[in-house]
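Structure data follow from protein00.pdb (PDB, C-alpha atoms, pLDDT in the B column):
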```pdb
ATOM      1  CA  LEU P   2     105.850 114.725  71.264  1.00 44.00           C
ATOM      2  CA  ALA P   3     104.879 116.562  68.075  1.00 47.00           C
ATOM      3  CA  SER P   4     103.817 113.259  66.495  1.00 45.00           C
ATOM      4  CA  PHE P   5     101.739 112.463  69.558  1.00 44.00           C
ATOM      5  CA  LEU P   6      99.939 115.822  69.422  1.00 47.00           C
ATOM      6  CA  VAL P   7      99.242 115.448  65.711  1.00 46.00           C
ATOM      7  CA  ALA P   8      97.851 111.953  66.286  1.00 47.00           C
ATOM      8  CA  LEU P   9      95.711 113.192  69.169  1.00 47.00           C
ATOM      9  CA  VAL P  10      94.208 116.034  67.118  1.00 47.00           C
ATOM     10  CA  THR P  11      93.602 113.657  64.207  1.00 48.00           C
ATOM     11  CA  ILE P  12      91.866 111.042  66.362  1.00 47.00           C
ATOM     12  CA  MET P  13      89.647 113.539  68.174  1.00 48.00           C
ATOM     13  CA  GLY P  14      88.823 115.321  64.908  1.00 48.00           C
ATOM     14  CA  ALA P  15      87.879 112.047  63.242  1.00 48.00           C
ATOM     15  CA  TYR P  16      85.695 111.140  66.206  1.00 48.00           C
ATOM     16  CA  GLN P  17      83.934 114.527  66.061  1.00 46.00           C
ATOM     17  CA  ILE P  18      83.216 114.019  62.352  1.00 45.00           C
ATOM     18  CA  ILE P  19      81.823 110.529  62.928  1.00 45.00           C
ATOM     19  CA  LEU P  20      79.749 111.749  65.880  1.00 47.00           C
ATOM     20  CA  SER P  21      78.286 114.550  63.750  1.00 46.00           C
ATOM     21  CA  GLN P  22      77.411 112.081  61.018  1.00 43.00           C
ATOM     22  CA  GLN P  23      75.674 109.816  63.493  1.00 42.00           C
ATOM     23  CA  LEU P  24      73.624 112.700  64.885  1.00 41.00           C
ATOM     24  CA  GLN P  25      72.690 114.187  61.500  1.00 42.00           C
ATOM     25  CA  LEU P  26      72.380 111.219  59.161  1.00 37.00           C
ATOM     26  CA  GLN P  27      71.171 108.410  61.415  1.00 41.00           C
ATOM     27  CA  PRO P  28      69.262 109.965  64.335  1.00 38.00           C
ATOM     28  CA  GLU P  29      67.000 106.953  64.900  1.00 40.00           C
ATOM     29  CA  GLN P  30      69.905 104.517  65.045  1.00 41.00           C
ATOM     30  CA  TYR P  31      71.865 106.849  67.318  1.00 39.00           C
ATOM     31  CA  GLN P  32      68.931 107.221  69.702  1.00 41.00           C
ATOM     32  CA  TYR P  33      68.500 103.455  69.782  1.00 41.00           C
ATOM     33  CA  HIS P  34      72.176 103.072  70.541  1.00 45.00           C
ATOM     34  CA  GLU P  35      71.932 105.547  73.426  1.00 45.00           C
ATOM     35  CA  SER P  36      68.829 103.854  74.867  1.00 45.00           C
ATOM     36  CA  ILE P  37      70.719 100.558  75.015  1.00 47.00           C
ATOM     37  CA  LYS P  38      73.856 102.208  76.360  1.00 53.00           C
ATOM     38  CA  ASN P  39      71.940 103.924  79.182  1.00 56.00           C
ATOM     39  CA  TYR P  40      70.958 100.482  80.468  1.00 57.00           C
ATOM     40  CA  TYR P  41      74.608  99.995  81.436  1.00 67.00           C
ATOM     41  CA  ASN P  42      75.257 103.462  82.872  1.00 70.00           C
ATOM     42  CA  VAL P  43      75.643 103.735  86.639  1.00 69.00           C
ATOM     43  CA  VAL P  44      75.274 107.535  86.597  1.00 71.00           C
ATOM     44  CA  SER P  45      73.565 109.894  84.175  1.00 71.00           C
ATOM     45  CA  PRO P  46      75.828 110.389  81.144  1.00 68.00           C
ATOM     46  CA  PRO P  47      76.894 113.872  80.017  1.00 65.00           C
ATOM     47  CA  ASP P  48      75.813 115.569  76.802  1.00 65.00           C
ATOM     48  CA  TYR P  49      77.183 113.510  73.910  1.00 60.00           C
ATOM     49  CA  SER P  50      77.055 116.283  71.326  1.00 60.00           C
ATOM     50  CA  SER P  51      80.624 117.459  71.933  1.00 64.00           C
ATOM     51  CA  VAL P  52      83.996 115.767  71.960  1.00 66.00           C
ATOM     52  CA  PHE P  53      84.710 117.320  75.376  1.00 72.00           C
ATOM     53  CA  HIS P  54      82.273 114.956  77.066  1.00 76.00           C
ATOM     54  CA  CYS P  55      85.225 112.534  77.177  1.00 78.00           C
ATOM     55  CA  LEU P  56      86.589 114.455  80.172  1.00 80.00           C
ATOM     56  CA  HIS P  57      83.352 114.571  82.199  1.00 82.00           C
ATOM     57  CA  TRP P  58      83.489 112.623  85.470  1.00 84.00           C
ATOM     58  CA  ASN P  59      80.162 110.883  84.720  1.00 85.00           C
ATOM     59  CA  HIS P  60      81.591 109.655  81.459  1.00 83.00           C
ATOM     60  CA  ILE P  61      84.819 108.476  83.133  1.00 88.00           C
ATOM     61  CA  LEU P  62      82.914 106.579  85.834  1.00 88.00           C
ATOM     62  CA  ASN P  63      80.606 104.859  83.345  1.00 86.00           C
ATOM     63  CA  ASN P  64      83.585 103.887  81.228  1.00 89.00           C
ATOM     64  CA  PHE P  65      85.359 102.440  84.267  1.00 91.00           C
ATOM     65  CA  VAL P  66      82.352 100.243  85.000  1.00 87.00           C
ATOM     66  CA  MET P  67      82.158  99.089  81.384  1.00 89.00           C
ATOM     67  CA  ALA P  68      85.906  98.405  81.294  1.00 91.00           C
ATOM     68  CA  GLY P  69      85.511  96.330  84.451  1.00 89.00           C
ATOM     69  CA  LEU P  70      82.593  94.427  82.920  1.00 87.00           C
ATOM     70  CA  THR P  71      84.631  93.751  79.775  1.00 90.00           C
ATOM     71  CA  SER P  72      87.550  92.534  81.875  1.00 89.00           C
ATOM     72  CA  LEU P  73      85.274  90.150  83.782  1.00 85.00           C
ATOM     73  CA  CYS P  74      83.720  88.823  80.567  1.00 85.00           C
ATOM     74  CA  VAL P  75      87.123  88.036  79.088  1.00 87.00           C
ATOM     75  CA  GLN P  76      88.534  86.698  82.348  1.00 85.00           C
ATOM     76  CA  TYR P  77      85.718  84.328  83.269  1.00 81.00           C
ATOM     77  CA  GLY P  78      84.845  83.419  79.689  1.00 80.00           C
ATOM     78  CA  THR P  79      88.381  82.204  79.051  1.00 82.00           C
ATOM     79  CA  LEU P  80      88.616  80.708  82.546  1.00 81.00           C
ATOM     80  CA  ALA P  81      85.640  78.470  81.796  1.00 76.00           C
ATOM     81  CA  MET P  82      87.174  77.232  78.552  1.00 80.00           C
ATOM     82  CA  SER P  83      90.673  76.819  79.996  1.00 83.00           C
ATOM     83  CA  SER P  84      89.289  74.858  82.953  1.00 82.00           C
ATOM     84  CA  ILE P  85      87.686  72.365  80.573  1.00 82.00           C
ATOM     85  CA  VAL P  86      90.932  72.044  78.602  1.00 80.00           C
ATOM     86  CA  SER P  87      92.952  71.561  81.793  1.00 83.00           C
ATOM     87  CA  LEU P  88      90.469  69.019  83.146  1.00 82.00           C
ATOM     88  CA  PHE P  89      90.558  66.750  80.098  1.00 84.00           C
ATOM     89  CA  THR P  90      94.148  67.214  78.914  1.00 85.00           C
ATOM     90  CA  GLY P  91      96.106  68.210  82.025  1.00 82.00           C
ATOM     91  CA  THR P  92      97.508  71.179  80.123  1.00 83.00           C
ATOM     92  CA  LYS P  93      98.356  74.262  82.151  1.00 83.00           C
ATOM     93  CA  THR P  94      96.757  77.332  80.555  1.00 82.00           C
ATOM     94  CA  ILE P  95      97.751  80.983  80.848  1.00 81.00           C
ATOM     95  CA  LYS P  96      95.971  83.604  82.907  1.00 84.00           C
ATOM     96  CA  VAL P  97      94.341  85.891  80.346  1.00 89.00           C
ATOM     97  CA  MET P  98      93.540  88.831  82.653  1.00 90.00           C
ATOM     98  CA  ASP P  99      95.649  89.961  85.610  1.00 91.00           C
ATOM     99  CA  ASN P 100      93.619  92.742  87.247  1.00 91.00           C
ATOM    100  CA  PRO P 101      94.658  95.481  84.768  1.00 93.00           C
ATOM    101  CA  LEU P 102      92.316  98.169  86.121  1.00 92.00           C
ATOM    102  CA  LEU P 103      93.597  97.993  89.692  1.00 92.00           C
ATOM    103  CA  LEU P 104      97.237  96.912  89.494  1.00 93.00           C
ATOM    104  CA  SER P 105      98.775  98.362  86.317  1.00 94.00           C
ATOM    105  CA  THR P 106     101.733 100.679  86.857  1.00 94.00           C
ATOM    106  CA  SER P 107     102.339 101.804  83.262  1.00 94.00           C
ATOM    107  CA  PRO P 108     100.725 101.560  79.806  1.00 93.00           C
ATOM    108  CA  THR P 109     103.221  98.803  78.982  1.00 93.00           C
ATOM    109  CA  ASP P 110     102.229  96.935  82.145  1.00 95.00           C
ATOM    110  CA  PHE P 111      98.527  97.394  81.352  1.00 95.00           C
ATOM    111  CA  TRP P 112      98.619  96.189  77.734  1.00 94.00           C
ATOM    112  CA  GLY P 113     101.659  93.919  77.815  1.00 92.00           C
ATOM    113  CA  ARG P 114     101.314  92.053  81.123  1.00 92.00           C
ATOM    114  CA  ARG P 115      97.718  92.325  82.319  1.00 94.00           C
ATOM    115  CA  TRP P 116      95.051  92.946  79.622  1.00 94.00           C
ATOM    116  CA  ASN P 117      93.964  90.038  77.400  1.00 91.00           C
ATOM    117  CA  LEU P 118      97.290  88.237  77.343  1.00 90.00           C
ATOM    118  CA  LEU P 119      95.928  85.650  74.908  1.00 87.00           C
ATOM    119  CA  ILE P 120      95.616  88.228  72.122  1.00 88.00           C
ATOM    120  CA  HIS P 121      98.742  90.063  73.272  1.00 88.00           C
ATOM    121  CA  ASP P 122     100.924  86.959  73.033  1.00 89.00           C
ATOM    122  CA  SER P 123      99.525  86.153  69.588  1.00 89.00           C
ATOM    123  CA  PHE P 124     100.386  89.607  68.253  1.00 91.00           C
ATOM    124  CA  LYS P 125     103.738  89.572  70.017  1.00 91.00           C
ATOM    125  CA  GLN P 126     104.777  86.308  68.352  1.00 91.00           C
ATOM    126  CA  GLY P 127     103.188  87.032  64.985  1.00 91.00           C
ATOM    127  CA  LEU P 128     103.986  90.731  64.552  1.00 92.00           C
ATOM    128  CA  TYR P 129     106.138  92.365  67.220  1.00 93.00           C
ATOM    129  CA  LYS P 130     109.061  89.921  67.193  1.00 94.00           C
ATOM    130  CA  PRO P 131     109.242  89.640  63.373  1.00 94.00           C
ATOM    131  CA  LEU P 132     109.314  93.444  63.085  1.00 93.00           C
ATOM    132  CA  ARG P 133     112.064  93.692  65.694  1.00 94.00           C
ATOM    133  CA  LYS P 134     114.103  90.997  63.952  1.00 94.00           C
ATOM    134  CA  ASN P 135     113.853  92.993  60.723  1.00 94.00           C
ATOM    135  CA  GLY P 136     115.350  96.081  62.315  1.00 92.00           C
ATOM    136  CA  TYR P 137     112.265  98.071  63.273  1.00 91.00           C
ATOM    137  CA  SER P 138     112.364 100.014  66.527  1.00 90.00           C
ATOM    138  CA  ARG P 139     110.560  98.997  69.678  1.00 89.00           C
ATOM    139  CA  ALA P 140     108.173 101.940  69.318  1.00 88.00           C
ATOM    140  CA  THR P 141     107.343 101.169  65.678  1.00 90.00           C
ATOM    141  CA  ALA P 142     106.670  97.513  66.451  1.00 92.00           C
ATOM    142  CA  ALA P 143     104.458  98.377  69.433  1.00 91.00           C
ATOM    143  CA  VAL P 144     102.381 100.980  67.567  1.00 90.00           C
ATOM    144  CA  SER P 145     102.009  98.509  64.679  1.00 92.00           C
ATOM    145  CA  ILE P 146     100.471  96.001  67.089  1.00 93.00           C
ATOM    146  CA  PHE P 147      97.898  98.564  68.205  1.00 94.00           C
ATOM    147  CA  ALA P 148      97.068  99.443  64.591  1.00 92.00           C
ATOM    148  CA  VAL P 149      96.581  95.793  63.643  1.00 93.00           C
ATOM    149  CA  SER P 150      94.616  95.168  66.839  1.00 94.00           C
ATOM    150  CA  GLY P 151      92.237  97.946  65.826  1.00 93.00           C
ATOM    151  CA  LEU P 152      91.683  96.302  62.428  1.00 93.00           C
ATOM    152  CA  PHE P 153      91.220  92.925  64.103  1.00 93.00           C
ATOM    153  CA  HIS P 154      88.505  94.292  66.353  1.00 94.00           C
ATOM    154  CA  GLU P 155      86.817  95.976  63.375  1.00 93.00           C
ATOM    155  CA  TYR P 156      86.605  92.470  61.890  1.00 92.00           C
ATOM    156  CA  VAL P 157      85.101  91.191  65.154  1.00 91.00           C
ATOM    157  CA  ASN P 158      82.427  93.894  64.875  1.00 91.00           C
ATOM    158  CA  LEU P 159      81.691  92.723  61.330  1.00 90.00           C
ATOM    159  CA  ALA P 160      81.263  89.173  62.635  1.00 87.00           C
ATOM    160  CA  LEU P 161      78.939  90.404  65.393  1.00 86.00           C
ATOM    161  CA  SER P 162      76.837  92.308  62.857  1.00 87.00           C
ATOM    162  CA  MET P 163      76.249  89.099  60.919  1.00 85.00           C
ATOM    163  CA  LYS P 164      74.201  87.750  63.800  1.00 78.00           C
ATOM    164  CA  SER P 165      71.558  90.456  63.391  1.00 76.00           C
ATOM    165  CA  ARG P 166      71.476  89.824  59.637  1.00 78.00           C
ATOM    166  CA  LEU P 167      71.248  86.052  59.833  1.00 78.00           C
ATOM    167  CA  HIS P 168      69.027  85.850  62.928  1.00 76.00           C
ATOM    168  CA  PRO P 169      67.052  89.120  63.189  1.00 73.00           C
ATOM    169  CA  GLU P 170      64.411  87.419  65.313  1.00 70.00           C
ATOM    170  CA  ILE P 171      66.797  86.936  68.255  1.00 67.00           C
ATOM    171  CA  ALA P 172      69.503  89.566  67.763  1.00 70.00           C
ATOM    172  CA  LEU P 173      69.656  93.313  68.264  1.00 72.00           C
ATOM    173  CA  PRO P 174      69.754  95.265  64.993  1.00 79.00           C
ATOM    174  CA  TYR P 175      73.396  96.215  64.779  1.00 84.00           C
ATOM    175  CA  THR P 176      75.452  98.098  62.215  1.00 86.00           C
ATOM    176  CA  PRO P 177      79.056  98.759  63.299  1.00 88.00           C
ATOM    177  CA  LYS P 178      80.399 102.287  63.534  1.00 87.00           C
ATOM    178  CA  TRP P 179      83.509 101.694  61.488  1.00 89.00           C
ATOM    179  CA  GLY P 180      86.676 103.271  62.787  1.00 90.00           C
ATOM    180  CA  TYR P 181      85.787 103.495  66.466  1.00 91.00           C
ATOM    181  CA  HIS P 182      87.928 100.545  67.534  1.00 94.00           C
ATOM    182  CA  SER P 183      90.785 101.621  65.296  1.00 93.00           C
ATOM    183  CA  MET P 184      90.774 105.079  66.884  1.00 91.00           C
ATOM    184  CA  PHE P 185      90.721 103.580  70.365  1.00 94.00           C
ATOM    185  CA  PHE P 186      93.739 101.367  69.762  1.00 95.00           C
ATOM    186  CA  LEU P 187      95.616 104.046  67.845  1.00 92.00           C
ATOM    187  CA  TRP P 188      95.168 106.381  70.817  1.00 92.00           C
ATOM    188  CA  ASN P 189      96.592 103.804  73.218  1.00 93.00           C
ATOM    189  CA  GLY P 190      99.456 103.158  70.837  1.00 92.00           C
ATOM    190  CA  MET P 191     100.279 106.859  71.012  1.00 91.00           C
ATOM    191  CA  VAL P 192     100.095 106.768  74.825  1.00 92.00           C
ATOM    192  CA  MET P 193     102.594 103.908  74.874  1.00 91.00           C
ATOM    193  CA  LEU P 194     104.798 105.834  72.449  1.00 89.00           C
ATOM    194  CA  VAL P 195     104.877 108.746  74.917  1.00 90.00           C
ATOM    195  CA  GLU P 196     105.852 106.281  77.658  1.00 91.00           C
ATOM    196  CA  TYR P 197     108.777 105.062  75.558  1.00 89.00           C
ATOM    197  CA  ILE P 198     109.925 108.642  74.983  1.00 87.00           C
ATOM    198  CA  LEU P 199     109.672 109.643  78.637  1.00 89.00           C
ATOM    199  CA  SER P 200     111.193 106.446  80.012  1.00 87.00           C
ATOM    200  CA  GLY P 201     114.604 107.546  78.780  1.00 84.00           C
ATOM    201  CA  ASN P 202     114.413 110.820  80.699  1.00 87.00           C
ATOM    202  CA  LYS P 203     116.261 110.707  84.034  1.00 90.00           C
ATOM    203  CA  ARG P 204     113.944 113.228  85.663  1.00 91.00           C
ATOM    204  CA  PHE P 205     110.927 111.153  84.657  1.00 89.00           C
ATOM    205  CA  GLN P 206     112.600 108.038  86.055  1.00 89.00           C
ATOM    206  CA  GLN P 207     113.158 109.776  89.377  1.00 91.00           C
ATOM    207  CA  ILE P 208     109.543 110.907  89.581  1.00 90.00           C
ATOM    208  CA  ALA P 209     108.293 107.412  88.658  1.00 89.00           C
ATOM    209  CA  ALA P 210     110.481 105.855  91.357  1.00 91.00           C
ATOM    210  CA  VAL P 211     108.840 107.848  94.163  1.00 93.00           C
ATOM    211  CA  THR P 212     105.275 107.869  92.819  1.00 92.00           C
ATOM    212  CA  PRO P 213     102.970 105.633  94.906  1.00 94.00           C
ATOM    213  CA  ARG P 214     101.708 102.570  93.066  1.00 94.00           C
ATOM    214  CA  PRO P 215      97.991 103.483  93.446  1.00 93.00           C
ATOM    215  CA  LEU P 216      98.680 106.878  91.853  1.00 94.00           C
ATOM    216  CA  LYS P 217     100.506 105.203  88.971  1.00 94.00           C
ATOM    217  CA  THR P 218      97.536 102.913  88.443  1.00 95.00           C
ATOM    218  CA  ALA P 219      95.122 105.857  88.469  1.00 94.00           C
ATOM    219  CA  ILE P 220      97.182 107.734  85.867  1.00 93.00           C
ATOM    220  CA  VAL P 221      97.415 104.684  83.613  1.00 94.00           C
ATOM    221  CA  VAL P 222      93.692 103.921  83.817  1.00 94.00           C
ATOM    222  CA  LEU P 223      92.783 107.565  83.221  1.00 92.00           C
ATOM    223  CA  SER P 224      94.847 107.488  80.029  1.00 91.00           C
ATOM    224  CA  VAL P 225      92.507 104.773  78.744  1.00 92.00           C
ATOM    225  CA  LEU P 226      89.081 105.661  80.135  1.00 91.00           C
ATOM    226  CA  PRO P 227      88.241 108.928  78.289  1.00 89.00           C
ATOM    227  CA  LEU P 228      88.094 107.053  74.970  1.00 89.00           C
ATOM    228  CA  ALA P 229      87.157 103.611  76.313  1.00 91.00           C
ATOM    229  CA  PHE P 230      83.592 104.077  75.060  1.00 88.00           C
ATOM    230  CA  LEU P 231      84.933 103.820  71.500  1.00 89.00           C
ATOM    231  CA  PHE P 232      85.660 100.193  72.389  1.00 93.00           C
ATOM    232  CA  THR P 233      82.805  99.182  74.709  1.00 90.00           C
ATOM    233  CA  ASP P 234      79.924 100.991  72.981  1.00 88.00           C
ATOM    234  CA  GLU P 235      80.128  98.697  69.975  1.00 89.00           C
ATOM    235  CA  TYR P 236      79.768  95.646  72.200  1.00 89.00           C
ATOM    236  CA  VAL P 237      76.822  97.233  73.977  1.00 85.00           C
ATOM    237  CA  ARG P 238      75.071  97.973  70.687  1.00 84.00           C
ATOM    238  CA  SER P 239      75.781  94.499  69.294  1.00 85.00           C
ATOM    239  CA  GLY P 240      74.284  92.806  72.361  1.00 81.00           C
ATOM    240  CA  PHE P 241      77.574  91.158  73.352  1.00 83.00           C
ATOM    241  CA  TYR P 242      77.143  91.823  77.069  1.00 82.00           C
ATOM    242  CA  ASP P 243      73.520  90.703  76.982  1.00 77.00           C
ATOM    243  CA  ASP P 244      74.518  87.450  75.301  1.00 76.00           C
ATOM    244  CA  PHE P 245      77.358  86.918  77.744  1.00 77.00           C
ATOM    245  CA  SER P 246      75.005  87.318  80.689  1.00 72.00           C
ATOM    246  CA  GLU P 247      73.172  84.177  79.542  1.00 68.00           C
ATOM    247  CA  GLY P 248      76.214  82.132  80.493  1.00 66.00           C
ATOM    248  CA  LEU P 249      76.578  83.557  83.989  1.00 63.00           C
ATOM    249  CA  PRO P 250      74.520  82.533  87.036  1.00 56.00           C
ATOM    250  CA  MET P 251      72.370  85.310  88.456  1.00 50.00           C
ATOM    251  CA  LEU P 252      70.666  85.880  91.813  1.00 49.00           C
ATOM    252  CA  VAL P 253      67.236  87.462  91.353  1.00 47.00           C
ATOM    253  CA  TYR P 254      65.425  89.138  94.236  1.00 47.00           C
ATOM    254  CA  LYS P 255      61.617  89.211  94.093  1.00 49.00           C
ATOM    255  CA  GLU P 256      59.547  91.178  96.575  1.00 50.00           C
ATOM    256  CA  GLY P 257      56.747  89.308  98.268  1.00 50.00           C
TER     257      GLY P 257
END
```
Just dump the structure as C-alpha cells.
Amino acid sequence: LASFLVALVTIMGAYQIILSQQLQLQPEQYQYHESIKNYYNVVSPPDYSSVFHCLHWNHILNNFVMAGLTSLCVQYGTLAMSSIVSLFTGTKTIKVMDNPLLLSTSPTDFWGRRWNLLIHDSFKQGLYKPLRKNGYSRATAAVSIFAVSGLFHEYVNLALSMKSRLHPEIALPYTPKWGYHSMFFLWNGMVMLVEYILSGNKRFQQIAAVTPRPLKTAIVVLSVLPLAFLFTDEYVRSGFYDDFSEGLPMLVYKEG
C-alpha cells in the first residue's frame, strides 16, 4: 500500500509539472491541442489548470466517451483485417476487444481478458511468462508489462509524429507530450498491484463475492477513467481518430 501511495504521488506530481510546462512554455501549442480536444467533448470540460480536474464528472464523462471510441477503433479496425485473413486463409482469428468498458469485473479482467488482447497476448508470451519462469513474482511481471507497454506507446506516438513531419500538407502538426502514456500505464499497473494485494484478504473476497457485477464494472472503469486522457489526448492531437473516421461509413443528414 505504501508503494502504491508513493507511485500515485509521483505520477500526479509528474503530471502537474508537465501540465505547468505546457501552459507556461508552449501556450500556443496547448491552446491548439485544447481546440482539437474540444471537438470530441460531449460536455464542457472542467478547468485544466489543476491536477484535481481528473475527478470532475465532466472530465470523467468525456473520458468514458473517448475510451469507448478508442475501443471501437481497435475492435472494428482489427475486425476488418481479421475478416480478410479469415476469408482468404480460413484461419480463425482472436477477438481483440471483449466489451471491456461494460463487462469487466476487475482490473485483471479489464486488461488481461478484454482490452486489446492482441497486444496483451504478445506481452504475455514475450515478457510475462519469461519473467515468471525466471522466478519473478506475479506482481513484478504484471507491473513490468505495464511499464513496457507505456514505452511501446511512446514509440507509437513518435511514429505518429513522423506523419506531420513528412507530410505537413495533410497532417495535423503534432509533437508528442513525452511521458503521458508511460504515466497512464504505470498508474494502471499500480491499480493491478493493489488488486493482487487485496485479493489475498478474506474480508475483501467476501465483499467481492456479494458485490453486484454492474457495481464491480463501475469501480473498475472509474479506476481507469480519471487518467484516461493521458492516453487518448495524444491520439486526438495526432489526428488518429480523424484518420480512422475515413475508413468508416458515415450517414450525413442535410436540411432541405
Edge lengths and centre in Å to one decimal, as AutoDock Vina command-line options, of the axis-aligned box that encloses all listed atoms of region 127-141 of chain P with 8 Å added on every side?
```
--center_x 109.3 --center_y 94.5 --center_z 65.2 --size_x 28.2 --size_y 30.9 --size_z 25.0
```
### Task
Using the chain letters and numbering of this document, enumerate as number ranges by chain the residues selected by the PyMOL selection byres ((chain P and resi 160-171) around 10).
P: 154-159, 172-177, 235-236, 238-241
Expressed in Å, the length from CA of Ala229 (chain P) to CA of Phe185 (chain P) is 6.9 Å
*Please evaluate the PyMOL selection byres ((chain P and resi 74) around 12) against the displayed coordinates and give the resulting residues as a list in words.*
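So the PyMOL selection byres ((chain P and resi 74) around 12) ends up selecting Met67, Ala68, Gly69, Leu70, Thr71, Ser72, Leu73, Val75, Gln76, Tyr77, Gly78, Thr79, Leu80, Ala81, Val97, Met98, Asn117, Thr233, Tyr236, Phe241, Tyr242, Asp243, Asp244, Phe245, Ser246, Glu247, Gly248 and Leu249 of chain P.
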For the interface of region 188-214 of chain P with region 221-225 of chain P (cut-off 10 Å, counting all atoms listed in the file), please tabulate each contacting residue of region 188-214 of chain P alongside its nearest pair of atoms and their separation in Å to one decimal, rows sorted by chain and increasing number, as CSV.
```
residue,atom,partner,partner_atom,distance
P:Trp188,CA,P:Val225,CA,8.5
P:Asn189,CA,P:Val225,CA,6.9
P:Val192,CA,P:Ser224,CA,7.4
P:Met193,CA,P:Ser224,CA,10.0
```
Those residues with C-alpha atoms, as a PDB file, keeping the file's coordinate frame please?
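And here is the file that came out, selection.pdb:
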```pdb
ATOM      1  CA  TRP P 188      95.168 106.381  70.817  1.00 92.00           C
ATOM      2  CA  ASN P 189      96.592 103.804  73.218  1.00 93.00           C
ATOM      3  CA  VAL P 192     100.095 106.768  74.825  1.00 92.00           C
ATOM      4  CA  MET P 193     102.594 103.908  74.874  1.00 91.00           C
TER       5      MET P 193
END
```
| message | Can you pull out the residues contacting region 109-113 of chain P? Cut-off 9 Å, using only C-alpha atoms, and skip same-chain residues under 3 positions away; I want them as a ChimeraX atom specification. | response | /P:100-102,104-106,116-118,121-122,193,196,221-222
Counting only C-alpha atoms, figure out which residue out of P:Leu103, P:Ile146, P:Cys55, P:Gly91 gets nearest to Tyr129 (chain P).
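Result for the nearest residue to Tyr129 (chain P): P:Ile146.
For the set P:His182, P:Val195, P:Asn135, P:Pro108, the residue with the smallest atom-to-atom gap to Ile220 (chain P) is P:Pro108, counting all atoms listed in the file.
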CA of Thr141 (chain P) to CA of Ser123 (chain P) measures 17.4 Å
Check: CA of Thr212 (chain P) to CA of His60 (chain P): how many Å, to one decimal?
Finding: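 Result for CA of Thr212 (chain P) versus CA of His60 (chain P): 26.3 Å, one decimal.
With all atoms listed in the file as the atoms that count, the minimum distance from Lys178 (chain P) to the choices P:Ala142, P:Leu231, P:Ile208, P:Met191 is reached by P:Leu231.
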Distance query 12 Å from (114.7, 103.5, 69.4) using all atoms listed in the file, result as a ChimeraX atom specification: /P:133,136-143,194,197-198,200-201
Using all atoms listed in the file, the best pick from P:Leu132, P:Ser107, P:Trp179, P:Ser87 as closest to Ala209 (chain P) would be P:Ser107
Practice prompt. Between P:Ser84, P:Asn42, P:Thr92, P:Phe205, single out the one closest to Val66 (chain P), counting only C-alpha atoms.
Written response: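 Among the listed residues, P:Asn42 lies closest to Val66 (chain P).
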